[in-house]
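Content type compact mmCIF, C-alpha atoms, from the file data33.txt:
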```txt
# COMPACT_ATOMS: atom_id res chain seq x y z
CA MET A 222 13.62 -25.32 -24.93
CA VAL A 223 10.95 -27.91 -25.56
CA GLN A 224 8.48 -28.29 -28.38
CA PRO A 225 5.33 -26.19 -28.05
CA LEU A 226 2.14 -28.09 -27.29
CA SER A 227 0.14 -25.86 -29.64
CA TYR A 228 -3.24 -26.24 -27.99
CA LEU A 229 -5.81 -23.51 -28.40
CA LYS A 230 -7.74 -22.12 -25.43
CA GLU A 231 -11.48 -22.61 -25.13
CA SER A 232 -13.41 -19.43 -25.88
CA PRO A 233 -14.25 -17.88 -22.52
CA SER A 234 -17.92 -17.99 -21.61
CA GLN A 235 -20.11 -14.92 -21.24
CA THR A 236 -23.55 -14.80 -19.67
CA ALA A 237 -26.54 -15.71 -21.84
CA GLY A 238 -28.04 -12.40 -20.68
CA PRO A 239 -31.69 -11.43 -20.23
CA TYR A 240 -32.56 -11.81 -23.90
CA VAL A 241 -31.39 -15.38 -24.51
CA HIS A 242 -34.92 -16.12 -25.71
CA ILE A 243 -34.44 -14.00 -28.82
CA GLY A 244 -31.79 -16.34 -30.09
CA CYS A 245 -32.88 -19.67 -28.62
CA THR A 246 -36.68 -19.55 -28.20
CA PRO A 247 -37.94 -16.59 -30.26
CA ASN A 248 -41.50 -17.90 -30.65
CA PHE A 249 -41.75 -18.16 -26.86
CA VAL A 250 -41.34 -14.37 -26.63
CA GLY A 251 -43.68 -13.67 -29.51
CA ILE A 252 -41.14 -13.23 -32.29
CA GLY A 253 -42.75 -15.35 -34.96
CA GLY A 254 -42.22 -15.79 -38.65
CA VAL A 255 -38.57 -16.76 -38.72
CA TYR A 256 -38.46 -20.25 -37.16
CA ASP A 257 -41.49 -22.51 -37.52
CA THR A 258 -41.00 -23.75 -33.99
CA ASP A 259 -38.53 -23.15 -31.22
CA LEU A 260 -35.74 -25.70 -31.21
CA GLY A 261 -36.22 -28.27 -28.48
CA ALA A 262 -39.69 -27.05 -27.53
CA GLY A 263 -42.65 -29.30 -26.82
CA PRO A 264 -42.88 -32.95 -25.84
CA MET A 265 -39.73 -35.04 -26.26
CA VAL A 266 -41.85 -38.07 -27.12
CA ASN A 267 -44.10 -39.11 -29.97
CA ASP A 268 -46.53 -42.02 -30.29
CA LYS A 269 -43.76 -44.45 -31.17
CA THR A 270 -41.21 -43.51 -28.53
CA ARG A 271 -40.42 -46.46 -26.31
CA GLY A 272 -40.44 -46.03 -22.57
CA GLU A 273 -42.37 -44.85 -19.58
CA ARG A 274 -43.85 -41.35 -19.98
CA ILE A 275 -42.91 -38.89 -17.28
CA THR A 276 -43.11 -35.14 -16.78
CA ILE A 277 -40.23 -33.27 -15.14
CA ARG A 278 -41.03 -29.89 -13.67
CA GLY A 279 -39.27 -27.47 -11.41
CA PHE A 280 -37.91 -24.02 -10.74
CA VAL A 281 -34.48 -22.45 -10.60
CA TYR A 282 -34.03 -20.43 -7.39
CA ASP A 283 -31.46 -17.76 -6.62
CA GLY A 284 -29.73 -17.24 -3.28
CA ALA A 285 -32.63 -15.17 -1.95
CA GLY A 286 -35.11 -17.95 -2.74
CA THR A 287 -36.61 -16.13 -5.71
CA ALA A 288 -37.44 -18.18 -8.79
CA LEU A 289 -35.59 -17.04 -11.91
CA LYS A 290 -37.96 -15.86 -14.64
CA ASP A 291 -35.28 -15.62 -17.32
CA ALA A 292 -33.39 -18.91 -17.15
CA LEU A 293 -33.01 -21.33 -20.04
CA ILE A 294 -32.81 -25.00 -19.14
CA GLU A 295 -31.57 -27.76 -21.44
CA VAL A 296 -31.73 -31.50 -20.80
CA TRP A 297 -29.89 -34.41 -22.41
CA GLN A 298 -30.74 -37.99 -21.61
CA ALA A 299 -30.54 -41.58 -22.79
CA ASP A 300 -33.48 -43.47 -24.27
CA ALA A 301 -35.41 -46.15 -22.39
CA GLN A 302 -32.69 -48.71 -23.16
CA GLY A 303 -29.86 -46.47 -21.97
CA PHE A 304 -28.59 -45.43 -25.41
CA TYR A 305 -27.84 -41.86 -26.45
CA ASN A 306 -29.03 -40.55 -29.81
CA SER A 307 -25.53 -39.35 -30.74
CA PRO A 308 -22.77 -40.35 -33.18
CA SER A 309 -20.52 -40.79 -30.13
CA GLU A 310 -22.84 -43.55 -28.88
CA THR A 311 -20.99 -46.69 -29.95
CA ARG A 312 -22.79 -49.36 -27.91
CA GLY A 313 -25.93 -49.63 -29.98
CA ALA A 314 -28.63 -47.77 -31.86
CA ALA A 315 -30.82 -45.41 -29.89
CA ASP A 316 -34.58 -45.24 -30.30
CA PRO A 317 -35.09 -43.26 -33.55
CA ASN A 318 -38.23 -41.77 -32.03
CA PHE A 319 -36.38 -40.17 -29.15
CA PHE A 320 -33.96 -37.30 -29.77
CA GLY A 321 -32.96 -37.05 -26.11
CA TRP A 322 -32.35 -33.31 -26.01
CA ALA A 323 -34.74 -30.45 -25.27
CA ARG A 324 -34.72 -26.91 -24.02
CA CYS A 325 -37.28 -24.98 -22.01
CA PRO A 326 -37.29 -21.37 -20.91
CA GLY A 327 -38.62 -20.73 -17.45
CA ASP A 328 -42.18 -19.41 -17.55
CA MET A 329 -42.01 -15.60 -17.66
CA ALA A 330 -44.59 -15.23 -14.86
CA THR A 331 -43.63 -18.08 -12.54
CA GLY A 332 -40.25 -19.37 -13.72
CA GLU A 333 -41.41 -22.97 -13.96
CA PHE A 334 -39.83 -25.32 -16.52
CA VAL A 335 -41.48 -28.49 -17.83
CA PHE A 336 -40.18 -31.45 -19.87
CA GLU A 337 -42.43 -34.20 -21.16
CA THR A 338 -40.15 -37.13 -21.69
CA ILE A 339 -39.50 -40.78 -20.85
CA LYS A 340 -37.60 -42.30 -18.01
CA PRO A 341 -34.08 -43.04 -19.26
CA GLY A 342 -32.44 -46.43 -19.02
CA ARG A 343 -29.21 -47.06 -17.19
CA VAL A 344 -25.92 -46.08 -18.79
CA PRO A 345 -22.53 -47.55 -17.86
CA PHE A 346 -19.97 -45.50 -15.97
CA ARG A 347 -16.40 -45.38 -17.29
CA ASP A 348 -15.47 -48.62 -15.54
CA GLY A 349 -18.54 -50.50 -16.74
CA ARG A 350 -20.61 -50.28 -13.57
CA LEU A 351 -24.13 -49.08 -14.31
CA MET A 352 -25.07 -45.57 -13.33
CA ALA A 353 -28.56 -45.00 -11.98
CA PRO A 354 -31.07 -43.48 -14.44
CA HIS A 355 -30.42 -39.77 -14.74
CA VAL A 356 -31.05 -36.72 -16.89
CA THR A 357 -28.28 -34.18 -17.53
CA PHE A 358 -29.26 -30.54 -16.98
CA TRP A 359 -27.55 -27.41 -18.28
CA ILE A 360 -28.68 -24.03 -16.93
CA VAL A 361 -27.91 -20.58 -18.29
CA ALA A 362 -29.36 -17.17 -17.43
CA ARG A 363 -28.55 -13.54 -16.86
CA GLY A 364 -26.07 -13.48 -13.98
CA ILE A 365 -24.72 -16.97 -14.69
CA ASN A 366 -21.27 -16.45 -16.19
CA LEU A 367 -20.66 -20.04 -17.27
CA GLY A 368 -23.43 -22.60 -17.94
CA LEU A 369 -24.04 -24.92 -15.00
CA HIS A 370 -24.05 -28.69 -15.40
CA THR A 371 -25.96 -30.93 -13.04
CA ARG A 372 -27.91 -34.19 -13.09
CA MET A 373 -31.32 -35.28 -11.97
CA TYR A 374 -31.67 -38.79 -10.54
CA PHE A 375 -35.00 -40.41 -9.58
CA SER A 376 -36.42 -40.88 -6.09
CA ASP A 377 -38.01 -44.22 -7.10
CA GLU A 378 -34.59 -45.72 -7.87
CA GLU A 379 -33.24 -46.10 -4.36
CA GLN A 380 -31.29 -49.27 -5.07
CA ALA A 381 -29.75 -47.96 -8.29
CA ASN A 382 -28.96 -44.63 -6.67
CA ALA A 383 -27.21 -46.39 -3.77
CA GLU A 384 -24.83 -48.13 -6.15
CA ASP A 385 -24.39 -45.21 -8.55
CA PRO A 386 -20.65 -44.52 -8.98
CA ILE A 387 -21.11 -40.76 -8.83
CA LEU A 388 -23.75 -40.42 -6.13
CA SER A 389 -21.99 -42.91 -3.89
CA ARG A 390 -18.69 -41.02 -3.83
CA ILE A 391 -20.11 -37.63 -2.83
CA GLU A 392 -18.52 -36.87 0.51
CA HIS A 393 -21.16 -34.56 1.95
CA ARG A 394 -24.11 -36.94 2.05
CA MET A 395 -26.59 -34.27 3.06
CA ARG A 396 -26.12 -32.69 -0.37
CA VAL A 397 -27.01 -35.84 -2.33
CA PRO A 398 -30.79 -35.14 -2.19
CA THR A 399 -30.19 -31.98 -4.25
CA LEU A 400 -29.65 -34.32 -7.21
CA ILE A 401 -32.77 -36.44 -6.70
CA GLY A 402 -35.99 -35.58 -8.50
CA GLN A 403 -38.99 -36.40 -6.32
CA ARG A 404 -41.48 -38.65 -8.04
CA GLU A 405 -45.22 -38.56 -7.44
CA GLY A 406 -47.20 -40.52 -10.01
CA ASP A 407 -45.82 -39.64 -13.42
CA THR A 408 -44.44 -36.29 -12.33
CA ILE A 409 -40.90 -35.70 -11.15
CA THR A 410 -40.25 -32.46 -9.32
CA PHE A 411 -36.71 -31.18 -9.59
CA ASP A 412 -35.91 -27.74 -8.19
CA ILE A 413 -32.49 -26.24 -8.76
CA HIS A 414 -30.99 -23.96 -6.11
CA LEU A 415 -28.13 -21.82 -7.35
CA GLN A 416 -27.02 -20.84 -3.88
CA GLY A 417 -27.77 -21.19 -0.18
CA GLU A 418 -28.52 -24.03 2.24
CA LYS A 419 -30.06 -26.19 -0.46
CA GLU A 420 -27.50 -25.33 -3.15
CA THR A 421 -27.67 -27.95 -5.89
CA ILE A 422 -24.56 -29.96 -6.62
CA PHE A 423 -23.04 -28.74 -9.86
CA PHE A 424 -20.38 -30.64 -11.73
CA ASP A 425 -17.06 -29.72 -13.26
CA ILE A 426 -17.21 -32.15 -16.14
CA MET B 1309 -12.64 -35.59 -42.04
CA LYS B 1310 -16.14 -36.72 -42.94
CA ASN B 1311 -15.17 -40.37 -42.99
CA LEU B 1312 -13.51 -40.52 -39.60
CA PRO B 1313 -15.41 -42.49 -36.99
CA PRO B 1314 -17.07 -40.41 -34.29
CA GLU B 1315 -14.89 -39.73 -31.29
CA THR B 1316 -15.80 -41.17 -27.92
CA THR B 1317 -12.92 -39.93 -25.77
CA PRO B 1318 -13.33 -37.61 -22.76
CA PHE B 1319 -12.80 -33.87 -23.01
CA PHE B 1320 -9.83 -31.96 -21.66
CA ALA B 1321 -10.39 -30.54 -18.20
CA ARG B 1322 -11.92 -27.09 -18.44
CA ASP B 1323 -9.53 -24.25 -17.51
CA ARG B 1324 -11.75 -22.45 -15.05
CA GLY B 1325 -9.20 -19.69 -14.56
CA TRP B 1326 -9.74 -18.73 -18.19
CA HIS B 1327 -13.52 -18.49 -17.83
CA PRO B 1328 -15.23 -15.94 -15.61
CA PRO B 1329 -15.77 -17.18 -12.05
CA ALA B 1330 -19.39 -17.53 -10.92
CA PHE B 1331 -19.25 -14.75 -8.32
CA THR B 1332 -18.37 -11.41 -9.93
CA PRO B 1333 -19.80 -8.57 -7.82
CA GLY B 1334 -19.04 -5.94 -10.47
CA TYR B 1335 -21.80 -7.70 -12.44
CA LYS B 1336 -24.46 -7.43 -9.79
CA THR B 1337 -26.86 -10.09 -11.00
CA SER B 1338 -24.19 -12.74 -10.48
CA VAL B 1339 -24.15 -12.15 -6.73
CA LEU B 1340 -27.29 -14.16 -5.93
CA ARG B 1341 -26.98 -16.50 -8.92
CA SER B 1342 -23.50 -17.87 -8.26
CA PRO B 1343 -23.00 -21.27 -6.64
CA GLN B 1344 -20.75 -20.95 -3.61
CA ARG B 1345 -19.79 -24.56 -3.02
CA ALA B 1346 -17.02 -26.33 -4.84
CA LEU B 1347 -18.06 -28.03 -8.04
CA ILE B 1348 -17.86 -31.82 -7.94
CA SER B 1349 -15.28 -33.00 -10.46
CA LEU B 1350 -16.51 -35.60 -12.90
CA GLU B 1351 -14.49 -36.85 -15.82
CA GLY B 1352 -16.96 -37.21 -18.64
CA THR B 1353 -19.07 -40.36 -18.88
CA LYS B 1354 -21.23 -41.42 -21.81
CA SER B 1355 -23.72 -38.83 -20.62
CA GLU B 1356 -21.35 -35.95 -21.32
CA VAL B 1357 -19.18 -37.17 -24.22
CA THR B 1358 -22.32 -37.69 -26.29
CA GLY B 1359 -24.51 -34.84 -27.46
CA PRO B 1360 -27.33 -34.01 -29.83
CA VAL B 1361 -26.61 -33.51 -33.53
CA PHE B 1362 -28.82 -31.23 -35.59
CA GLY B 1363 -29.50 -31.73 -39.27
CA HIS B 1364 -29.82 -29.11 -41.96
CA ASN B 1365 -33.53 -29.87 -42.07
CA ILE B 1366 -34.01 -27.52 -39.11
CA LEU B 1367 -32.62 -24.57 -41.09
CA GLY B 1368 -34.67 -22.16 -43.11
CA GLN B 1369 -33.28 -20.56 -46.25
CA PHE B 1370 -32.54 -17.21 -44.61
CA ASP B 1371 -31.68 -18.34 -41.10
CA ASN B 1372 -28.14 -16.98 -41.51
CA ASP B 1373 -29.19 -13.66 -43.03
CA LEU B 1374 -30.38 -11.27 -40.33
CA ILE B 1375 -30.56 -8.43 -42.84
CA ILE B 1376 -33.61 -10.00 -44.45
CA ASN B 1377 -34.86 -12.90 -42.30
CA TYR B 1378 -37.37 -10.67 -40.48
CA ALA B 1379 -37.80 -8.01 -43.17
CA GLN B 1380 -40.81 -7.35 -45.35
CA PRO B 1381 -40.32 -8.54 -48.93
CA GLY B 1382 -38.05 -6.14 -50.74
CA GLU B 1383 -36.93 -4.40 -47.56
CA SER B 1384 -33.96 -4.90 -45.29
CA ALA B 1385 -32.70 -4.04 -41.84
CA ILE B 1386 -31.29 -0.59 -41.12
CA GLY B 1387 -27.66 -0.31 -40.06
CA GLN B 1388 -24.08 -1.00 -41.07
CA ARG B 1389 -24.10 -4.11 -43.20
CA ILE B 1390 -21.59 -6.69 -42.02
CA MET B 1391 -20.76 -10.37 -42.37
CA VAL B 1392 -19.46 -12.44 -39.48
CA TYR B 1393 -17.51 -15.51 -40.45
CA GLY B 1394 -15.12 -17.92 -38.82
CA ARG B 1395 -14.62 -21.49 -37.73
CA VAL B 1396 -15.70 -23.55 -34.81
CA LEU B 1397 -12.55 -25.36 -33.69
CA ASP B 1398 -11.67 -27.47 -30.71
CA GLU B 1399 -8.66 -26.94 -28.47
CA ARG B 1400 -6.64 -29.28 -30.68
CA GLY B 1401 -7.17 -26.89 -33.57
CA ARG B 1402 -9.46 -29.28 -35.41
CA GLY B 1403 -12.52 -27.94 -37.14
CA VAL B 1404 -15.82 -29.00 -35.59
CA PRO B 1405 -18.14 -29.94 -38.48
CA GLY B 1406 -21.90 -30.04 -38.07
CA ALA B 1407 -21.94 -27.68 -35.09
CA LEU B 1408 -25.17 -25.73 -34.57
CA VAL B 1409 -24.38 -22.06 -33.99
CA GLU B 1410 -27.18 -19.71 -32.86
CA PHE B 1411 -26.75 -15.94 -32.56
CA TRP B 1412 -28.78 -12.97 -31.37
CA GLN B 1413 -28.18 -9.28 -30.99
CA ALA B 1414 -29.59 -5.77 -30.59
CA ASN B 1415 -30.41 -3.69 -33.68
CA ALA B 1416 -28.25 -0.91 -35.04
CA GLY B 1417 -29.60 1.48 -32.40
CA GLY B 1418 -28.89 -0.89 -29.51
CA ARG B 1419 -32.48 -2.07 -29.03
CA TYR B 1420 -33.46 -5.72 -28.59
CA ARG B 1421 -36.72 -7.13 -29.87
CA HIS B 1422 -37.87 -8.46 -26.49
CA LYS B 1423 -40.93 -7.75 -24.39
CA LYS B 1424 -38.82 -7.03 -21.31
CA GLU B 1425 -36.59 -4.52 -23.10
CA THR B 1426 -37.32 -0.85 -22.28
CA TYR B 1427 -34.51 1.16 -23.89
CA LEU B 1428 -35.84 4.24 -25.67
CA ALA B 1429 -34.05 3.52 -28.96
CA PRO B 1430 -36.59 2.41 -31.58
CA LEU B 1431 -37.21 -1.08 -32.91
CA ASP B 1432 -36.47 -1.63 -36.57
CA PRO B 1433 -39.60 -3.24 -38.09
CA ASN B 1434 -37.36 -5.14 -40.51
CA PHE B 1435 -34.94 -6.58 -37.96
CA GLY B 1436 -35.63 -9.54 -35.68
CA GLY B 1437 -32.08 -9.88 -34.38
CA PHE B 1438 -31.41 -13.61 -34.48
CA GLY B 1439 -30.33 -16.44 -36.71
CA ARG B 1440 -28.55 -19.77 -36.83
CA THR B 1441 -26.39 -21.94 -39.01
CA ILE B 1442 -24.55 -25.27 -39.00
CA THR B 1443 -20.80 -25.49 -39.62
CA ASP B 1444 -19.51 -27.19 -42.78
CA ASP B 1445 -17.00 -30.03 -43.02
CA GLU B 1446 -14.13 -27.74 -41.99
CA GLY B 1447 -16.06 -26.17 -39.13
CA SER B 1448 -16.66 -22.92 -41.04
CA TYR B 1449 -19.74 -20.75 -40.71
CA PHE B 1450 -20.91 -17.28 -41.73
CA PHE B 1451 -23.90 -15.02 -41.47
CA ARG B 1452 -24.95 -11.58 -42.62
CA THR B 1453 -26.34 -8.94 -40.30
CA VAL B 1454 -26.13 -5.28 -39.31
CA LYS B 1455 -23.66 -4.12 -36.70
CA PRO B 1456 -25.43 -3.93 -33.33
CA GLY B 1457 -25.37 -0.72 -31.34
CA PRO B 1458 -24.11 -0.32 -27.77
CA TYR B 1459 -26.78 0.21 -25.14
CA PRO B 1460 -27.17 1.19 -21.50
CA TRP B 1461 -28.16 -1.41 -18.94
CA PRO B 1462 -29.14 -1.36 -15.29
CA ASN B 1463 -26.09 -2.38 -13.30
CA GLY B 1464 -23.99 0.61 -12.35
CA VAL B 1465 -25.54 4.06 -12.75
CA ASN B 1466 -23.90 4.58 -16.14
CA ASP B 1467 -22.97 1.17 -17.54
CA TRP B 1468 -23.07 0.54 -21.27
CA ARG B 1469 -22.63 -2.73 -23.09
CA PRO B 1470 -20.17 -2.62 -25.96
CA ALA B 1471 -21.60 -3.65 -29.32
CA HIS B 1472 -21.81 -7.43 -29.21
CA ILE B 1473 -23.40 -10.53 -30.68
CA HIS B 1474 -24.42 -13.47 -28.47
CA PHE B 1475 -23.43 -16.96 -29.59
CA SER B 1476 -24.76 -20.34 -28.49
CA VAL B 1477 -22.73 -23.31 -29.75
CA PHE B 1478 -23.21 -27.07 -29.69
CA GLY B 1479 -20.18 -29.27 -30.25
CA HIS B 1480 -20.21 -33.05 -30.48
CA GLY B 1481 -20.49 -33.69 -26.76
CA PHE B 1482 -22.86 -32.02 -24.31
CA ALA B 1483 -19.84 -31.12 -22.13
CA GLN B 1484 -18.75 -28.72 -24.93
CA ARG B 1485 -21.93 -26.68 -24.69
CA LEU B 1486 -21.02 -22.99 -24.67
CA ILE B 1487 -22.65 -19.58 -24.70
CA THR B 1488 -20.46 -16.53 -25.23
CA GLN B 1489 -20.40 -13.08 -26.84
CA MET B 1490 -18.47 -11.55 -29.71
CA TYR B 1491 -17.16 -7.98 -29.51
CA PHE B 1492 -15.90 -5.67 -32.26
CA GLU B 1493 -12.32 -4.54 -32.74
CA GLY B 1494 -11.73 -0.97 -31.62
CA ASP B 1495 -14.77 -0.51 -29.39
CA PRO B 1496 -13.67 1.50 -26.32
CA LEU B 1497 -16.65 0.22 -24.33
CA ILE B 1498 -15.19 -3.31 -24.23
CA TRP B 1499 -12.70 -2.40 -21.52
CA LEU B 1500 -15.30 -0.56 -19.43
CA CYS B 1501 -17.93 -3.30 -19.40
CA PRO B 1502 -18.63 -5.14 -16.12
CA ILE B 1503 -19.70 -8.27 -18.01
CA VAL B 1504 -16.52 -8.32 -20.10
CA LYS B 1505 -14.55 -7.73 -16.91
CA THR B 1506 -15.94 -10.90 -15.33
CA ILE B 1507 -13.21 -12.57 -17.44
CA PRO B 1508 -10.06 -12.32 -15.35
CA ASP B 1509 -7.43 -12.65 -18.09
CA GLU B 1510 -6.93 -9.93 -20.70
CA GLU B 1511 -5.74 -12.50 -23.22
CA ALA B 1512 -9.00 -14.40 -22.77
CA ILE B 1513 -10.99 -11.21 -23.41
CA LYS B 1514 -9.07 -10.63 -26.64
CA GLN B 1515 -10.20 -14.05 -27.77
CA LEU B 1516 -13.74 -12.63 -27.95
CA ILE B 1517 -12.86 -9.54 -30.04
CA ALA B 1518 -13.46 -9.99 -33.75
CA PRO B 1519 -11.07 -8.16 -36.09
CA LEU B 1520 -12.19 -6.35 -39.21
CA ASP B 1521 -11.09 -8.38 -42.25
CA MET B 1522 -10.74 -6.20 -45.34
CA ASN B 1523 -9.81 -9.22 -47.47
CA ALA B 1524 -13.13 -10.90 -46.79
CA THR B 1525 -14.99 -7.60 -47.09
CA ILE B 1526 -17.21 -7.34 -50.16
CA PRO B 1527 -16.58 -3.98 -51.90
CA HIS B 1528 -19.55 -1.61 -52.00
CA ASP B 1529 -21.64 -4.11 -50.01
CA LEU B 1530 -20.54 -5.19 -46.53
CA ARG B 1531 -17.57 -5.38 -44.20
CA ALA B 1532 -16.39 -8.68 -42.74
CA TYR B 1533 -15.49 -9.54 -39.15
CA LYS B 1534 -13.77 -12.82 -38.32
CA PHE B 1535 -14.78 -14.71 -35.20
CA ASP B 1536 -13.40 -18.16 -34.45
CA ILE B 1537 -15.00 -20.07 -31.58
CA ILE B 1538 -12.95 -22.61 -29.68
CA LEU B 1539 -14.71 -25.51 -27.97
CA ARG B 1540 -13.13 -27.93 -25.55
CA GLY B 1541 -10.77 -30.48 -27.05
CA ARG B 1542 -10.92 -34.18 -26.35
CA ARG B 1543 -8.22 -36.77 -25.98
CA SER B 1544 -7.23 -38.19 -29.34
CA THR B 1545 -6.42 -41.66 -28.09
CA LEU B 1546 -8.39 -44.10 -26.03
CA PHE B 1547 -6.15 -45.98 -23.62
CA GLU B 1548 -8.88 -46.30 -21.09
CA ASN B 1549 -8.34 -47.14 -17.43
CA ARG B 1550 -10.17 -50.14 -16.13
CA LEU B 1551 -12.13 -51.15 -19.16
CA GLU B 1552 -12.95 -54.48 -17.51
CA GLY B 1553 -16.65 -54.98 -17.42
CA ASN B 1554 -17.33 -52.98 -20.57
```

Translate the structure described by the file into structure tokens.
Amino acid sequence: MVQPLSYLKESPSQTAGPYVHIGCTPNFVGIGGVYDTDLGAGPMVNDKTRGERITIRGFVYDGAGTALKDALIEVWQADAQGFYNSPSETRGAADPNFFGWARCPGDMATGEFVFETIKPGRVPFRDGRLMAPHVTFWIVARGINLGLHTRMYFSDEEQANAEDPILSRIEHRMRVPTLIGQREGDTITFDIHLQGEKETIFFDI
Amino acid sequence: MKNLPPETTPFFARDRGWHPPAFTPGYKTSVLRSPQRALISLEGTKSEVTGPVFGHNILGQFDNDLIINYAQPGESAIGQRIMVYGRVLDERGRGVPGALVEFWQANAGGRYRHKKETYLAPLDPNFGGFGRTITDDEGSYFFRTVKPGPYPWPNGVNDWRPAHIHFSVFGHGFAQRLITQMYFEGDPLIWLCPIVKTIPDEEAIKQLIAPLDMNATIPHDLRAYKFDIILRGRRSTLFENRLEGN
């Protein structure tokens, strides 16, 4: 006999279902009067937020190429200096005018999601090398049994992307572009493919 | 617990055999929405061990009382009055303080307040079906509601969801982010449900079934169900590999 380790097991995930909006974005589906605003809705910046304004937009596609109309997308990112607005951020103080987290339901007619934010700074990898600027994405929807984690990098950061510790160790190079948001002007387009030829890289974090 | 410094260590690897796999053909919608390639393993970096923290300023006075938070003054939702309480813990058994917990559900007749919902059971004008709260210093939370009804859904010809409440939970790191569902002790529909059955391990399913707690029940008022939520644990010590350069 040995001593028991006594760890608990993580609660198993269940799908967010078709009515995730009721709980997470009620005003978006016309259920007003309980929350003043939906949590994480609207621009992620205010007048005082430091950094370059960008807009991220995209769709989540299923294996048949149809855009999901019922997905919920959350993002989490560093501020313009590369600091996270989190107690677990120990390197320095993040911009108090940038929360760094937002959520957006896909448009019910088209499925499009939009985030008005700033371009994040670079954050160090575990060994101290700098990662390229990136935004963490988390996607849930009916039919997704466990929330999917991925990252969006930026097409205008070729040099940083080339030396990024995560991008550079991906074996199947043809899949790397699935993690790169395409920049035109101030808009970054980032489509997420759940399945198929263009399946986005998802991470087991 | 309040005075401990925030933790910065990585999370335990997720046991993906305990969670439902992505592709579960008995739940038809998963077929075209399931990634087919292997996930890329990534031990958490700063981007995943950090996460947003929500203050009590986001909460309204009745956010954790679904019986009245959508009701007309003086009225209340129709159905069996219950309280759901429990703790948000991590896999080490430690309470997770300050965790935002959001919940949503159908009304007592099994009808959701949602524009895409078409079930013939009626809406309750006094029931919105959602709320939220933030855990206290021990990770405890509670809310008051009515017991949701089971309802039919388009999957198989005759599939019914067991009575359930959806939960969305934030921990301290974004890698802990979790959405799950709570079921009620004794509901025969649990073991027939294609969504429940996406979970391969019966012991894991039991982790989502809330028992009736007569001790916490308030006589002549409402019954209590206990539902603990376990988030991923994180290493307690930081002996980091290759810290050079930090």

Residues at most 10 Å from Leu367 of chain A, counting all atoms listed in the file, excluding those fewer than 4 positions away in the same chain, as a PDB file with C-alpha atoms, in the coordinates of the input?
```
ATOM      1  CA  PRO A 233     -14.250 -17.880 -22.520  1.00  0.00           C
ATOM      2  CA  SER A 234     -17.920 -17.990 -21.610  1.00  0.00           C
ATOM      3  CA  GLN A 235     -20.110 -14.920 -21.240  1.00  0.00           C
ATOM      4  CA  THR A 236     -23.550 -14.800 -19.670  1.00  0.00           C
ATOM      5  CA  ALA A 237     -26.540 -15.710 -21.840  1.00  0.00           C
ATOM      6  CA  ILE A 360     -28.680 -24.030 -16.930  1.00  0.00           C
ATOM      7  CA  VAL A 361     -27.910 -20.580 -18.290  1.00  0.00           C
ATOM      8  CA  ALA A 362     -29.360 -17.170 -17.430  1.00  0.00           C
TER       9      ALA A 362
ATOM     10  CA  ARG B1324     -11.750 -22.450 -15.050  1.00  0.00           C
ATOM     11  CA  HIS B1327     -13.520 -18.490 -17.830  1.00  0.00           C
ATOM     12  CA  PRO B1328     -15.230 -15.940 -15.610  1.00  0.00           C
ATOM     13  CA  PRO B1329     -15.770 -17.180 -12.050  1.00  0.00           C
ATOM     14  CA  ALA B1330     -19.390 -17.530 -10.920  1.00  0.00           C
ATOM     15  CA  SER B1342     -23.500 -17.870  -8.260  1.00  0.00           C
ATOM     16  CA  LEU B1486     -21.020 -22.990 -24.670  1.00  0.00           C
ATOM     17  CA  ILE B1487     -22.650 -19.580 -24.700  1.00  0.00           C
ATOM     18  CA  THR B1488     -20.460 -16.530 -25.230  1.00  0.00           C
TER      19      THR B1488
END
```

Practice problem: Restrict the distance test to all atoms listed in the file, flag each residue of chain A within 8 Å of chain B, and return the flagged residues as a PyMOL selection string. | Solution: chain A and resi 227-237+240-241+243-245+250+252+254-256+283-285+297-299+305-311+320-322+344-350+357+363-368+415-417+420+422-426

Quiz item: Around (-28.8, -43.0, -16.7) in the file's frame, which residues reach within 6 Å when counting all atoms listed in the file? Return as a VMD selection string?
Solution: chain A and resid 341 to 344 352 to 355

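A cut-off of 12 Å from the point (-22.9, -44.1, -6.8), with all atoms listed in the file, picks out the residues A:Pro345, A:Phe346, A:Arg350, A:Leu351, A:Met352, A:Ala353, A:Pro354, A:His355, A:Tyr374, A:Glu378, A:Glu379, A:Gln380, A:Ala381, A:Asn382, A:Ala383, A:Glu384, A:Asp385, A:Pro386, A:Ile387, A:Leu388, A:Ser389, A:Arg390, A:Ile391, A:Glu392, A:Arg394, A:Val397, A:Leu400.
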
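Here atom CA of Leu289 of chain A is placed at a distance of 17.2 Å from atom CA of Ile277 of chain A.
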
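Minimum atom-to-atom distances from A:Val223, A:Ile275, A:Ala262, A:Ala292 to Gln403 of chain A were compared using all atoms listed in the file, and the lowest value belongs to A:Ile275.
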
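Shortest separation to Val1404 of chain B among B:Ile1442, B:Ala1429, B:Cys1501, B:Ile1526 occurs at residue B:Ile1442, atoms counted being all atoms listed in the file.
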
Exercise. Rounded to one decimal place, report the atom CA of Gly1382 of chain B-atom CA of Gly1418 of chain B distance in Å.
Key: 23.7 Å
